[in-house]
Amino acid sequence: MNITICGRVPSDSKRFQVDLQYGSDIVLHFNPRYDRGGTLSKTISTNGKPSYVNSICVGGEVIISCTQNHYEVFVNGKQAHTYKHHTKLEDIDVLEISGDVQLSFVQD
């Protein structure tokens, strides 16, 4: 199961974010930060503490794929992050996209 997000990131963009929620819990937070040269992504690890990673992200297409045990985030066709999940993609009830991005297509 996948969520595909396509859009344009303006050249003066500072950041945008994609949050997957189950109820009031954010289960995946993907936050490209162009003003800091990287990405802040947060999921809750198996020990219950936040897990953060940094990487470079450019705009275009973001695909969030859900395997049996992981969320995999692909940016422009390249795998950017892999996270263990505790909530299946089909249980997600809120997809929030905000910040400096112009959306052209979102599909689940």
# chains A, B, ... in the order shown; residues from 1 in each chain; ligands from 1
>>> residues_around(residues="Asp91 of chain A", least_positions_apart="6", cutoff="12 Å", atoms="only C-alpha atoms", output="ChimeraX atom specification")
/A:1,20-23,25,27,66,85
>>> residues_around(residues="His70 of chain A", least_positions_apart="2", cutoff="12 Å", atoms="only C-alpha atoms", output="PDB file with N, CA and C atoms, in the first residue's frame")
ATOM      1  N   MET A   1       0.843  -1.176   0.000  1.00  0.00           N
ATOM      2  CA  MET A   1       0.000   0.000   0.000  1.00  0.00           C
ATOM      3  C   MET A   1       0.887   1.239   0.000  1.00  0.00           C
ATOM      4  N   ASN A   2       0.526   2.241  -0.837  1.00  0.00           N
ATOM      5  CA  ASN A   2       1.351   3.440  -0.992  1.00  0.00           C
ATOM      6  C   ASN A   2       0.523   4.706  -0.873  1.00  0.00           C
ATOM      7  N   VAL A  27       2.136   9.187  13.621  1.00  0.00           N
ATOM      8  CA  VAL A  27       2.896   7.936  13.515  1.00  0.00           C
ATOM      9  C   VAL A  27       4.066   8.063  12.547  1.00  0.00           C
ATOM     10  N   LEU A  28       4.023   9.069  11.649  1.00  0.00           N
ATOM     11  CA  LEU A  28       5.151   9.343  10.764  1.00  0.00           C
ATOM     12  C   LEU A  28       5.175  10.840  10.493  1.00  0.00           C
ATOM     13  N   THR A  43       9.679   9.136  13.915  1.00  0.00           N
ATOM     14  CA  THR A  43       8.722   8.093  14.238  1.00  0.00           C
ATOM     15  C   THR A  43       9.032   7.675  15.663  1.00  0.00           C
ATOM     16  N   SER A  45      10.211   4.903  18.108  1.00  0.00           N
ATOM     17  CA  SER A  45      10.937   3.645  18.030  1.00  0.00           C
ATOM     18  C   SER A  45      10.319   2.607  18.961  1.00  0.00           C
ATOM     19  N   ILE A  64       5.261   7.154   0.102  1.00  0.00           N
ATOM     20  CA  ILE A  64       5.348   6.468   1.386  1.00  0.00           C
ATOM     21  C   ILE A  64       4.743   5.095   1.170  1.00  0.00           C
ATOM     22  N   SER A  65       5.567   4.077   1.324  1.00  0.00           N
ATOM     23  CA  SER A  65       5.150   2.691   1.086  1.00  0.00           C
ATOM     24  C   SER A  65       5.122   1.962   2.416  1.00  0.00           C
ATOM     25  N   CYS A  66       4.129   1.118   2.577  1.00  0.00           N
ATOM     26  CA  CYS A  66       4.009   0.361   3.818  1.00  0.00           C
ATOM     27  C   CYS A  66       4.206  -1.116   3.524  1.00  0.00           C
ATOM     28  N   THR A  67       5.264  -1.695   4.071  1.00  0.00           N
ATOM     29  CA  THR A  67       5.494  -3.124   3.967  1.00  0.00           C
ATOM     30  C   THR A  67       4.939  -3.772   5.230  1.00  0.00           C
ATOM     31  N   GLN A  68       5.171  -5.050   5.402  1.00  0.00           N
ATOM     32  CA  GLN A  68       4.645  -5.750   6.571  1.00  0.00           C
ATOM     33  C   GLN A  68       5.161  -5.159   7.879  1.00  0.00           C
ATOM     34  N   GLU A  72       8.502   2.855   4.173  1.00  0.00           N
ATOM     35  CA  GLU A  72       9.646   3.235   3.354  1.00  0.00           C
ATOM     36  C   GLU A  72       9.271   4.534   2.650  1.00  0.00           C
ATOM     37  N   VAL A  73      10.156   5.534   2.748  1.00  0.00           N
ATOM     38  CA  VAL A  73       9.925   6.827   2.121  1.00  0.00           C
ATOM     39  C   VAL A  73      10.873   6.955   0.940  1.00  0.00           C
ATOM     40  N   HIS A  81      14.318   6.912   3.504  1.00  0.00           N
ATOM     41  CA  HIS A  81      14.222   6.491   4.904  1.00  0.00           C
ATOM     42  C   HIS A  81      13.431   5.200   5.007  1.00  0.00           C
ATOM     43  N   THR A  82      13.725   4.420   6.047  1.00  0.00           N
ATOM     44  CA  THR A  82      12.943   3.238   6.394  1.00  0.00           C
ATOM     45  C   THR A  82      12.694   3.274   7.897  1.00  0.00           C
ATOM     46  N   TYR A  83      11.440   3.042   8.300  1.00  0.00           N
ATOM     47  CA  TYR A  83      11.070   3.074   9.708  1.00  0.00           C
ATOM     48  C   TYR A  83      10.240   1.857  10.056  1.00  0.00           C
ATOM     49  N   LYS A  84      10.472   1.279  11.217  1.00  0.00           N
ATOM     50  CA  LYS A  84       9.548   0.268  11.726  1.00  0.00           C
ATOM     51  C   LYS A  84       8.250   0.967  12.069  1.00  0.00           C
ATOM     52  N   HIS A  85       7.144   0.311  11.784  1.00  0.00           N
ATOM     53  CA  HIS A  85       5.867   0.936  12.108  1.00  0.00           C
ATOM     54  C   HIS A  85       5.118   0.131  13.149  1.00  0.00           C
ATOM     55  N   HIS A  86       4.226   0.854  13.833  1.00  0.00           N
ATOM     56  CA  HIS A  86       3.354   0.251  14.830  1.00  0.00           C
ATOM     57  C   HIS A  86       1.897   0.422  14.428  1.00  0.00           C
ATOM     58  N   THR A  87       1.682   1.146  13.307  1.00  0.00           N
ATOM     59  CA  THR A  87       0.342   1.390  12.787  1.00  0.00           C
ATOM     60  C   THR A  87       0.376   1.141  11.290  1.00  0.00           C
ATOM     61  N   LYS A  88      -0.470   0.265  10.796  1.00  0.00           N
ATOM     62  CA  LYS A  88      -0.509  -0.026   9.369  1.00  0.00           C
ATOM     63  C   LYS A  88      -1.061   1.163   8.592  1.00  0.00           C
ATOM     64  N   LEU A  89      -0.618   1.285   7.354  1.00  0.00           N
ATOM     65  CA  LEU A  89      -1.031   2.403   6.519  1.00  0.00           C
ATOM     66  C   LEU A  89      -2.546   2.475   6.371  1.00  0.00           C
TER      67      LEU A  89
END
>>> residues_around(residues="Asp12 of chain A", least_positions_apart="2", cutoff="10 Å", atoms="only C-alpha atoms", output="NGL selection string")
:A and (9-10 or 14-15 or 34-35 or 100)
>>> closest_residue(among="A:Glu61, A:Pro32, A:Ile92, A:Val18", to="Ser104 of chain A", atoms="only C-alpha atoms")
A:Glu61
>>> decode(residues="segment 6-30 of chain A", atoms="N, CA and C atoms", output="short mmCIF file (atom, residue, chain, number, x, y, z; two decimals), in the first residue's frame")
data_model
loop_
_atom_site.label_atom_id
_atom_site.label_comp_id
_atom_site.auth_asym_id
_atom_site.auth_seq_id
_atom_site.Cartn_x
_atom_site.Cartn_y
_atom_site.Cartn_z
N CYS A 6 2.81 14.38 -5.09
CA CYS A 6 3.57 15.09 -6.12
C CYS A 6 3.33 16.58 -5.97
N GLY A 7 4.37 17.34 -6.20
CA GLY A 7 4.23 18.78 -6.09
C GLY A 7 5.51 19.48 -6.48
N ARG A 8 5.46 20.76 -6.34
CA ARG A 8 6.60 21.62 -6.65
C ARG A 8 7.01 22.34 -5.38
N VAL A 9 8.30 22.36 -5.14
CA VAL A 9 8.83 23.09 -4.01
C VAL A 9 9.45 24.39 -4.55
N PRO A 10 8.88 25.55 -4.20
CA PRO A 10 9.42 26.81 -4.70
C PRO A 10 10.88 26.98 -4.32
N SER A 11 11.62 27.73 -5.14
CA SER A 11 13.06 27.90 -4.91
C SER A 11 13.36 28.60 -3.59
N ASP A 12 12.42 29.39 -3.07
CA ASP A 12 12.64 30.08 -1.80
C ASP A 12 12.03 29.32 -0.61
N SER A 13 11.67 28.05 -0.83
CA SER A 13 11.05 27.24 0.22
C SER A 13 12.00 27.04 1.39
N LYS A 14 11.43 27.12 2.58
CA LYS A 14 12.21 26.83 3.79
C LYS A 14 11.97 25.41 4.26
N ARG A 15 10.70 24.96 4.20
CA ARG A 15 10.38 23.61 4.67
C ARG A 15 8.93 23.27 4.37
N PHE A 16 8.64 21.99 4.40
CA PHE A 16 7.26 21.51 4.40
C PHE A 16 7.23 20.23 5.20
N GLN A 17 6.04 19.74 5.48
CA GLN A 17 5.96 18.50 6.26
C GLN A 17 4.79 17.65 5.82
N VAL A 18 4.98 16.35 6.02
CA VAL A 18 3.95 15.35 5.77
C VAL A 18 3.80 14.57 7.06
N ASP A 19 2.60 14.54 7.60
CA ASP A 19 2.31 13.79 8.82
C ASP A 19 1.25 12.74 8.54
N LEU A 20 1.49 11.52 8.99
CA LEU A 20 0.49 10.46 8.99
C LEU A 20 0.02 10.31 10.43
N GLN A 21 -1.30 10.33 10.63
CA GLN A 21 -1.84 10.26 11.98
C GLN A 21 -2.83 9.12 12.10
N TYR A 22 -2.86 8.55 13.30
CA TYR A 22 -3.87 7.58 13.71
C TYR A 22 -4.51 8.18 14.94
N GLY A 23 -5.74 8.70 14.78
CA GLY A 23 -6.35 9.45 15.87
C GLY A 23 -5.55 10.72 16.09
N SER A 24 -5.16 10.98 17.31
CA SER A 24 -4.36 12.17 17.60
C SER A 24 -2.86 11.88 17.61
N ASP A 25 -2.46 10.64 17.36
CA ASP A 25 -1.04 10.27 17.37
C ASP A 25 -0.42 10.45 15.99
N ILE A 26 0.71 11.15 15.93
CA ILE A 26 1.47 11.26 14.70
C ILE A 26 2.37 10.03 14.62
N VAL A 27 2.14 9.19 13.62
CA VAL A 27 2.90 7.94 13.51
C VAL A 27 4.07 8.06 12.55
N LEU A 28 4.02 9.07 11.65
CA LEU A 28 5.15 9.34 10.76
C LEU A 28 5.17 10.84 10.49
N HIS A 29 6.34 11.46 10.70
CA HIS A 29 6.53 12.90 10.48
C HIS A 29 7.72 13.03 9.54
N PHE A 30 7.49 13.54 8.33
CA PHE A 30 8.53 13.74 7.33
C PHE A 30 8.60 15.23 7.05
#
